[in-house]
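Taking it in order: structure first as structure tokens, then the write-up.
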Amino acid sequence: MLVSKPGRRSAAIVALVAGVIGLLLSLAMVSPVQAAVVLQYHHVSESTPASTSVTPKRFRSHMDYLESHDFEVVPLETLVEALQAGEPLPDRTVAITFDDAYESVYTAAYPLLKERGWPFTVFVNTDPLDDGKGGFTTWDELREMAEHGATIANHSTRHNHLQRRKDGESQAQWRKRIETEVVDAERRIKEETGQSHKMLAYPYGEYNNEVQALLESLGYVAFGQQSGPLGAHSDLRALPRFPFGGPYGEIEEFATKAQTRPMPIESAELYADAALDKPLEEVVVASGARPVLVLNLEQDNLAGRINCFAGGQGAIETRVEGRQLITQPGKPLTPGRTRYNCTAGTGESGRFYWFSQQWLVTDEEGRWVHEN
């Protein structure tokens, strides 16, 4: 009897361990990693504005990193279709995008991508191409790139700030104008390339609720310029991308961003102040505001590990209430485009969770003061 008791106990322990392992394996099978990243470039050149340019050497180093670290490069529409279907996004997967269809995309980036057989997306504002404007690709060049894996997508006709109304313009007039800019660009892309994916990149990365609602009614998904990876909770009318240009893009930084995972949140809430009694329905706020971001997290132990930063201010205050992370900048936001970035280590070496919240800041009277 004394010998048999430890035997029964050992068998029970073995059975318990096997059950736990089986449960973990089953969870891993039904909850795959969500870690797809969209990369955004403008110019690939040494002679264009530094703020929106990466050099050909730096661009090659990015592509070399993806290749040497076994990333899968997929068409952007593959990621969109997975999000729309609620399907998992595989780990170490990226899509490569270019905004504005600048000439250097054809002369500098395209040869590097073609030699690897990698797909990429060019978001085109169509008026410069129709007008033969210098510094941009031509329709012939876009057709050639399309034959070798390029997706040609919508960046509007004129590259206007879509959410801004003109002086004296009614809401109905604004809506008609912006709808025309989007629909006409899609029509020209289809006429010239045969493609129509109904994917749009916001000019300047700017949008508000009205723009998002208009695009949803037209059947579009849309991408901003706020940083972060794609995930199950990504807004199909405000999908994030990691922009590279100017000071951004050293290989260490690129490696970190390419490996990010979406912050595991259930939802995000916006408030006018720390009292959390005035919900914000818009990302547009007036100069002097210090809006609050609340992240409702899926994990109990994550909130205390998150650090948040505001454009031009560095690290900003955070507080934790249960599964909520609450963050607010110490100084008012200045007019223009800005964002809060929140990150936390995943527990894997060099990998981070990432969430970015964009803000568009007017002057105190609600007027736009930055045009670019």
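By order of appearance in the structure tokens: chains A, B, ..., then residues from 1 within every chain, and ligands from 1 in the order shown.
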What's the 10 Å shell around Ala255 in chain A, counting only C-alpha atoms, without same-chain residues fewer than 3 positions away, as a PyMOL selection string?
chain A and resi 62+65-66+69+249-252+258-260+350-351
Apply DSSP to the backbone of this structure and, from range 65-132 of chain A, keep only the residues in helix (DSSP H, G or I); write these as a short mmCIF file (atom, residue, chain, number, x, y, z; two decimals) with C-alpha atoms, in the first residue's frame.
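New file states-v2.cif:
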```cif
data_model
loop_
_atom_site.label_atom_id
_atom_site.label_comp_id
_atom_site.auth_asym_id
_atom_site.auth_seq_id
_atom_site.Cartn_x
_atom_site.Cartn_y
_atom_site.Cartn_z
CA TYR A 65 17.18 42.59 -42.96
CA LEU A 66 13.79 41.19 -43.95
CA GLU A 67 15.40 38.60 -46.17
CA SER A 68 18.09 37.50 -43.71
CA LEU A 76 -1.07 44.44 -48.88
CA GLU A 77 -4.46 43.15 -49.98
CA THR A 78 -3.61 39.76 -48.45
CA LEU A 79 -3.42 41.38 -45.01
CA VAL A 80 -6.59 43.38 -45.62
CA GLU A 81 -8.51 40.27 -46.65
CA ALA A 82 -7.34 38.44 -43.53
CA LEU A 83 -8.51 41.30 -41.30
CA GLN A 84 -11.87 41.49 -43.06
CA ALA A 85 -12.37 37.73 -42.66
CA GLU A 103 9.90 58.65 -59.54
CA SER A 104 12.46 57.16 -57.14
CA VAL A 105 10.05 54.32 -56.36
CA TYR A 106 10.52 53.18 -59.97
CA THR A 107 14.23 53.99 -60.32
CA ALA A 108 15.56 52.97 -56.88
CA ALA A 109 13.11 50.77 -54.97
CA TYR A 110 11.49 48.75 -57.73
CA PRO A 111 14.74 47.12 -59.00
CA LEU A 112 15.56 45.86 -55.49
CA LEU A 113 12.07 44.46 -55.00
CA LYS A 114 11.90 42.97 -58.48
CA GLU A 115 15.13 41.02 -58.02
CA ARG A 116 13.64 39.42 -54.90
CA THR A 126 -3.47 60.64 -59.96
CA ASP A 127 -3.46 64.30 -61.03
CA PRO A 128 0.37 64.65 -61.12
CA LEU A 129 0.60 61.61 -63.40
CA ASP A 130 -2.19 62.84 -65.67
#
```
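Between Gln40 in chain A and the residues A:Ala172, A:Leu162, A:Val73, A:Ala201, the shortest atom-to-atom distance, using only C-alpha atoms, involves A:Ala201.
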For Pro56 in chain A, which residue out of A:Gly245, A:Glu253, A:Leu295, A:Asp167 is the nearest one, using only C-alpha atoms?
A:Gly245
Residues near Ser51 in chain A, cut-off 9 Å, only C-alpha atoms, skip fewer than 4 positions along chain, as a PDB file with N, CA, C and O atoms, in the first residue's frame:
```pdb
ATOM      1  N   PHE A 244       8.878  55.494 -42.581  1.00  0.00           N
ATOM      2  CA  PHE A 244      10.335  55.594 -42.542  1.00  0.00           C
ATOM      3  C   PHE A 244      10.768  56.758 -43.432  1.00  0.00           C
ATOM      4  O   PHE A 244      10.420  56.822 -44.595  1.00  0.00           O
ATOM      5  N   GLY A 245      11.536  57.643 -42.850  1.00  0.00           N
ATOM      6  CA  GLY A 245      12.032  58.816 -43.552  1.00  0.00           C
ATOM      7  C   GLY A 245      12.712  59.725 -42.556  1.00  0.00           C
ATOM      8  O   GLY A 245      12.475  59.626 -41.343  1.00  0.00           O
ATOM      9  N   GLY A 246      13.554  60.617 -43.036  1.00  0.00           N
ATOM     10  CA  GLY A 246      14.247  61.529 -42.139  1.00  0.00           C
ATOM     11  C   GLY A 246      15.075  60.772 -41.119  1.00  0.00           C
ATOM     12  O   GLY A 246      15.852  59.873 -41.457  1.00  0.00           O
ATOM     13  N   PRO A 247      14.900  61.086 -39.819  1.00  0.00           N
ATOM     14  CA  PRO A 247      15.718  60.427 -38.789  1.00  0.00           C
ATOM     15  C   PRO A 247      15.293  58.998 -38.494  1.00  0.00           C
ATOM     16  O   PRO A 247      15.981  58.287 -37.761  1.00  0.00           O
ATOM     17  N   TYR A 248      14.144  58.591 -39.026  1.00  0.00           N
ATOM     18  CA  TYR A 248      13.628  57.264 -38.710  1.00  0.00           C
ATOM     19  C   TYR A 248      14.132  56.231 -39.725  1.00  0.00           C
ATOM     20  O   TYR A 248      14.059  56.454 -40.919  1.00  0.00           O
TER      21      TYR A 248
END
```
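Considering the residues A:Thr362, A:Gly347, A:Leu239, A:His233 and counting only C-alpha atoms, Glu298 in chain A has its shortest atom-to-atom contact with A:His233.
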Show which residues sit within 12 Å of Gln357 in chain A, as an mmCIF file with N, CA, C and O atoms, in the first residue's frame. Count only C-alpha atoms, and ignore same-chain residues fewer than 3 positions away.
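Result went into result29.cif, see below:
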```
data_model
loop_
_atom_site.group_PDB
_atom_site.id
_atom_site.type_symbol
_atom_site.label_atom_id
_atom_site.label_comp_id
_atom_site.auth_asym_id
_atom_site.auth_seq_id
_atom_site.Cartn_x
_atom_site.Cartn_y
_atom_site.Cartn_z
ATOM 1 N N GLY A 224 -3.513 55.031 -42.394
ATOM 2 C CA GLY A 224 -2.961 56.292 -41.924
ATOM 3 C C GLY A 224 -1.448 56.266 -41.933
ATOM 4 O O GLY A 224 -0.821 55.454 -42.614
ATOM 5 N N GLN A 225 -0.864 57.167 -41.134
ATOM 6 C CA GLN A 225 0.586 57.186 -40.947
ATOM 7 C C GLN A 225 0.933 57.076 -39.468
ATOM 8 O O GLN A 225 2.076 57.314 -39.074
ATOM 9 N N GLN A 226 -0.063 56.729 -38.632
ATOM 10 C CA GLN A 226 0.247 56.441 -37.236
ATOM 11 C C GLN A 226 0.916 55.079 -37.169
ATOM 12 O O GLN A 226 0.584 54.167 -37.904
ATOM 13 N N SER A 227 1.916 54.972 -36.316
ATOM 14 C CA SER A 227 2.748 53.774 -36.300
ATOM 15 C C SER A 227 2.066 52.639 -35.553
ATOM 16 O O SER A 227 1.165 52.841 -34.742
ATOM 17 N N GLY A 228 2.520 51.430 -35.850
ATOM 18 C CA GLY A 228 2.027 50.252 -35.169
ATOM 19 C C GLY A 228 1.767 49.105 -36.124
ATOM 20 O O GLY A 228 1.632 49.306 -37.335
ATOM 21 N N SER A 234 -7.708 46.245 -35.177
ATOM 22 C CA SER A 234 -7.383 47.394 -36.039
ATOM 23 C C SER A 234 -8.635 47.911 -36.733
ATOM 24 O O SER A 234 -9.473 47.132 -37.197
ATOM 25 N N ASP A 235 -8.759 49.237 -36.793
ATOM 26 C CA ASP A 235 -9.873 49.902 -37.463
ATOM 27 C C ASP A 235 -9.623 49.861 -38.969
ATOM 28 O O ASP A 235 -8.603 50.363 -39.449
ATOM 29 N N ALA A 238 -8.691 53.098 -40.444
ATOM 30 C CA ALA A 238 -7.545 53.818 -39.853
ATOM 31 C C ALA A 238 -6.439 52.820 -39.545
ATOM 32 O O ALA A 238 -5.943 52.742 -38.425
ATOM 33 N N LEU A 239 -6.036 52.056 -40.551
ATOM 34 C CA LEU A 239 -5.030 51.025 -40.348
ATOM 35 C C LEU A 239 -3.641 51.645 -40.189
ATOM 36 O O LEU A 239 -3.288 52.570 -40.914
ATOM 37 N N PRO A 240 -2.850 51.145 -39.245
ATOM 38 C CA PRO A 240 -1.538 51.747 -38.972
ATOM 39 C C PRO A 240 -0.463 51.262 -39.936
ATOM 40 O O PRO A 240 -0.555 50.180 -40.520
ATOM 41 N N MET A 263 -0.638 45.949 -29.484
ATOM 42 C CA MET A 263 -0.946 45.975 -28.056
ATOM 43 C C MET A 263 -2.220 45.153 -27.821
ATOM 44 O O MET A 263 -3.237 45.380 -28.494
ATOM 45 N N ALA A 268 -10.008 51.117 -27.005
ATOM 46 C CA ALA A 268 -9.348 52.366 -26.622
ATOM 47 C C ALA A 268 -10.414 53.446 -26.498
ATOM 48 O O ALA A 268 -11.366 53.489 -27.277
ATOM 49 N N GLU A 269 -10.262 54.303 -25.510
ATOM 50 C CA GLU A 269 -11.222 55.385 -25.270
ATOM 51 C C GLU A 269 -10.473 56.708 -25.204
ATOM 52 O O GLU A 269 -9.317 56.763 -24.761
ATOM 53 N N LEU A 270 -11.116 57.776 -25.654
ATOM 54 C CA LEU A 270 -10.538 59.110 -25.653
ATOM 55 C C LEU A 270 -11.390 60.033 -24.788
ATOM 56 O O LEU A 270 -12.626 60.007 -24.868
ATOM 57 N N GLU A 282 -13.882 62.540 -31.481
ATOM 58 C CA GLU A 282 -13.039 62.904 -32.606
ATOM 59 C C GLU A 282 -11.571 62.904 -32.218
ATOM 60 O O GLU A 282 -11.223 63.095 -31.055
ATOM 61 N N VAL A 283 -10.701 62.725 -33.217
ATOM 62 C CA VAL A 283 -9.265 62.864 -33.005
ATOM 63 C C VAL A 283 -8.821 64.295 -33.262
ATOM 64 O O VAL A 283 -7.647 64.616 -33.132
ATOM 65 N N VAL A 284 -9.756 65.171 -33.634
ATOM 66 C CA VAL A 284 -9.467 66.590 -33.857
ATOM 67 C C VAL A 284 -9.737 67.342 -32.563
ATOM 68 O O VAL A 284 -10.843 67.293 -32.014
ATOM 69 N N PRO A 291 -5.625 65.867 -24.246
ATOM 70 C CA PRO A 291 -6.574 64.745 -24.242
ATOM 71 C C PRO A 291 -5.990 63.494 -23.589
ATOM 72 O O PRO A 291 -4.774 63.289 -23.562
ATOM 73 N N VAL A 292 -6.891 62.660 -23.092
ATOM 74 C CA VAL A 292 -6.518 61.461 -22.355
ATOM 75 C C VAL A 292 -6.814 60.236 -23.209
ATOM 76 O O VAL A 292 -7.878 60.132 -23.832
ATOM 77 N N LEU A 293 -5.877 59.300 -23.213
ATOM 78 C CA LEU A 293 -6.052 58.009 -23.864
ATOM 79 C C LEU A 293 -6.196 56.941 -22.788
ATOM 80 O O LEU A 293 -5.378 56.862 -21.869
ATOM 81 N N VAL A 294 -7.246 56.127 -22.917
ATOM 82 C CA VAL A 294 -7.457 55.002 -22.007
ATOM 83 C C VAL A 294 -7.411 53.717 -22.816
ATOM 84 O O VAL A 294 -8.172 53.555 -23.776
ATOM 85 N N LEU A 295 -6.518 52.814 -22.448
ATOM 86 C CA LEU A 295 -6.424 51.502 -23.087
ATOM 87 C C LEU A 295 -7.011 50.456 -22.148
ATOM 88 O O LEU A 295 -6.546 50.307 -21.010
ATOM 89 N N CYS A 308 4.368 55.325 -22.300
ATOM 90 C CA CYS A 308 3.738 56.120 -23.357
ATOM 91 C C CYS A 308 4.520 57.408 -23.587
ATOM 92 O O CYS A 308 5.126 57.963 -22.660
ATOM 93 N N PHE A 309 4.467 57.878 -24.834
ATOM 94 C CA PHE A 309 5.221 59.048 -25.252
ATOM 95 C C PHE A 309 4.319 59.925 -26.122
ATOM 96 O O PHE A 309 3.485 59.417 -26.870
ATOM 97 N N ALA A 310 4.499 61.237 -26.048
ATOM 98 C CA ALA A 310 3.759 62.183 -26.882
ATOM 99 C C ALA A 310 4.732 62.924 -27.773
ATOM 100 O O ALA A 310 5.862 63.244 -27.356
ATOM 101 N N GLY A 311 4.298 63.202 -29.016
ATOM 102 C CA GLY A 311 5.144 63.919 -29.954
ATOM 103 C C GLY A 311 5.640 65.228 -29.388
ATOM 104 O O GLY A 311 4.849 66.053 -28.926
ATOM 105 N N THR A 327 -3.376 57.532 -19.816
ATOM 106 C CA THR A 327 -2.199 58.355 -20.075
ATOM 107 C C THR A 327 -2.608 59.725 -20.596
ATOM 108 O O THR A 327 -3.589 59.857 -21.342
ATOM 109 N N GLN A 328 -1.855 60.741 -20.170
ATOM 110 C CA GLN A 328 -2.136 62.132 -20.548
ATOM 111 C C GLN A 328 -0.828 62.912 -20.563
ATOM 112 O O GLN A 328 0.011 62.731 -19.673
ATOM 113 N N ARG A 337 -0.097 67.842 -36.618
ATOM 114 C CA ARG A 337 -0.302 66.407 -36.409
ATOM 115 C C ARG A 337 0.615 65.925 -35.297
ATOM 116 O O ARG A 337 1.794 66.270 -35.261
ATOM 117 N N THR A 338 0.069 65.121 -34.411
ATOM 118 C CA THR A 338 0.890 64.532 -33.363
ATOM 119 C C THR A 338 0.275 63.208 -32.967
ATOM 120 O O THR A 338 -0.787 62.828 -33.463
ATOM 121 N N ARG A 339 0.943 62.494 -32.068
ATOM 122 C CA ARG A 339 0.430 61.187 -31.673
ATOM 123 C C ARG A 339 0.968 60.800 -30.299
ATOM 124 O O ARG A 339 1.969 61.350 -29.837
ATOM 125 N N TYR A 340 0.266 59.886 -29.670
ATOM 126 C CA TYR A 340 0.786 59.194 -28.499
ATOM 127 C C TYR A 340 1.216 57.799 -28.958
ATOM 128 O O TYR A 340 0.451 57.118 -29.644
ATOM 129 N N ASN A 341 2.396 57.368 -28.572
ATOM 130 C CA ASN A 341 2.858 56.002 -28.802
ATOM 131 C C ASN A 341 3.019 55.306 -27.461
ATOM 132 O O ASN A 341 3.684 55.845 -26.567
ATOM 133 N N CYS A 342 2.422 54.126 -27.332
ATOM 134 C CA CYS A 342 2.537 53.341 -26.110
ATOM 135 C C CYS A 342 3.154 51.991 -26.455
ATOM 136 O O CYS A 342 2.710 51.328 -27.409
ATOM 137 N N THR A 343 4.155 51.580 -25.678
ATOM 138 C CA THR A 343 4.863 50.331 -25.957
ATOM 139 C C THR A 343 5.099 49.563 -24.663
ATOM 140 O O THR A 343 5.139 50.139 -23.570
ATOM 141 N N TRP A 354 2.832 47.482 -29.357
ATOM 142 C CA TRP A 354 2.851 48.889 -29.803
ATOM 143 C C TRP A 354 1.421 49.341 -30.097
ATOM 144 O O TRP A 354 0.649 48.629 -30.745
ATOM 145 N N LEU A 360 -5.113 65.399 -34.408
ATOM 146 C CA LEU A 360 -5.006 66.540 -35.308
ATOM 147 C C LEU A 360 -5.413 67.770 -34.503
ATOM 148 O O LEU A 360 -6.522 67.830 -33.974
#
```
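Taking CA of Met145 in chain A as the reference point, CA of Phe120 in chain A is found at 9.2 Å.
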Please provide the set of residues having any atom within 10 Å of Arg164 in chain A, restricted to only C-alpha atoms, with same-chain residues fewer than 3 positions apart removed, written as number ranges by chain.
A: 160-161, 167, 169, 174, 178, 206-208, 211, 367-368
Writer output for current selection, N, CA and C atoms, as a compact mmCIF listing (two decimals), in the first residue's frame:
```txt
# COMPACT_ATOMS: atom_id res chain seq x y z
N ASN A 160 -5.15 66.40 -51.21
CA ASN A 160 -5.62 67.41 -50.27
C ASN A 160 -5.73 66.83 -48.86
N HIS A 161 -5.85 67.73 -47.88
CA HIS A 161 -6.19 67.33 -46.52
C HIS A 161 -7.68 66.98 -46.53
N ASP A 167 -13.20 77.45 -47.02
CA ASP A 167 -13.98 78.57 -46.47
C ASP A 167 -15.35 78.62 -47.14
N GLU A 169 -17.58 76.39 -47.32
CA GLU A 169 -18.03 75.12 -47.88
C GLU A 169 -18.95 74.41 -46.89
N TRP A 174 -18.60 69.71 -49.10
CA TRP A 174 -17.35 69.02 -48.75
C TRP A 174 -17.44 67.55 -49.12
N ILE A 178 -14.89 65.59 -51.73
CA ILE A 178 -13.97 64.53 -51.32
C ILE A 178 -14.36 63.21 -51.97
N GLU A 206 -4.01 62.00 -42.57
CA GLU A 206 -5.03 62.70 -41.79
C GLU A 206 -6.44 62.20 -42.11
N TYR A 207 -7.25 62.08 -41.07
CA TYR A 207 -8.64 61.68 -41.21
C TYR A 207 -9.41 62.15 -39.98
N ASN A 208 -10.73 62.21 -40.12
CA ASN A 208 -11.60 62.39 -38.98
C ASN A 208 -12.80 61.47 -39.15
N VAL A 211 -14.56 61.66 -42.62
CA VAL A 211 -13.82 61.02 -43.71
C VAL A 211 -13.93 59.51 -43.61
N ARG A 367 -9.33 76.56 -36.32
CA ARG A 367 -8.81 76.76 -37.67
C ARG A 367 -7.53 75.95 -37.86
N TRP A 368 -7.35 75.45 -39.07
CA TRP A 368 -6.14 74.71 -39.38
C TRP A 368 -5.01 75.68 -39.63
```
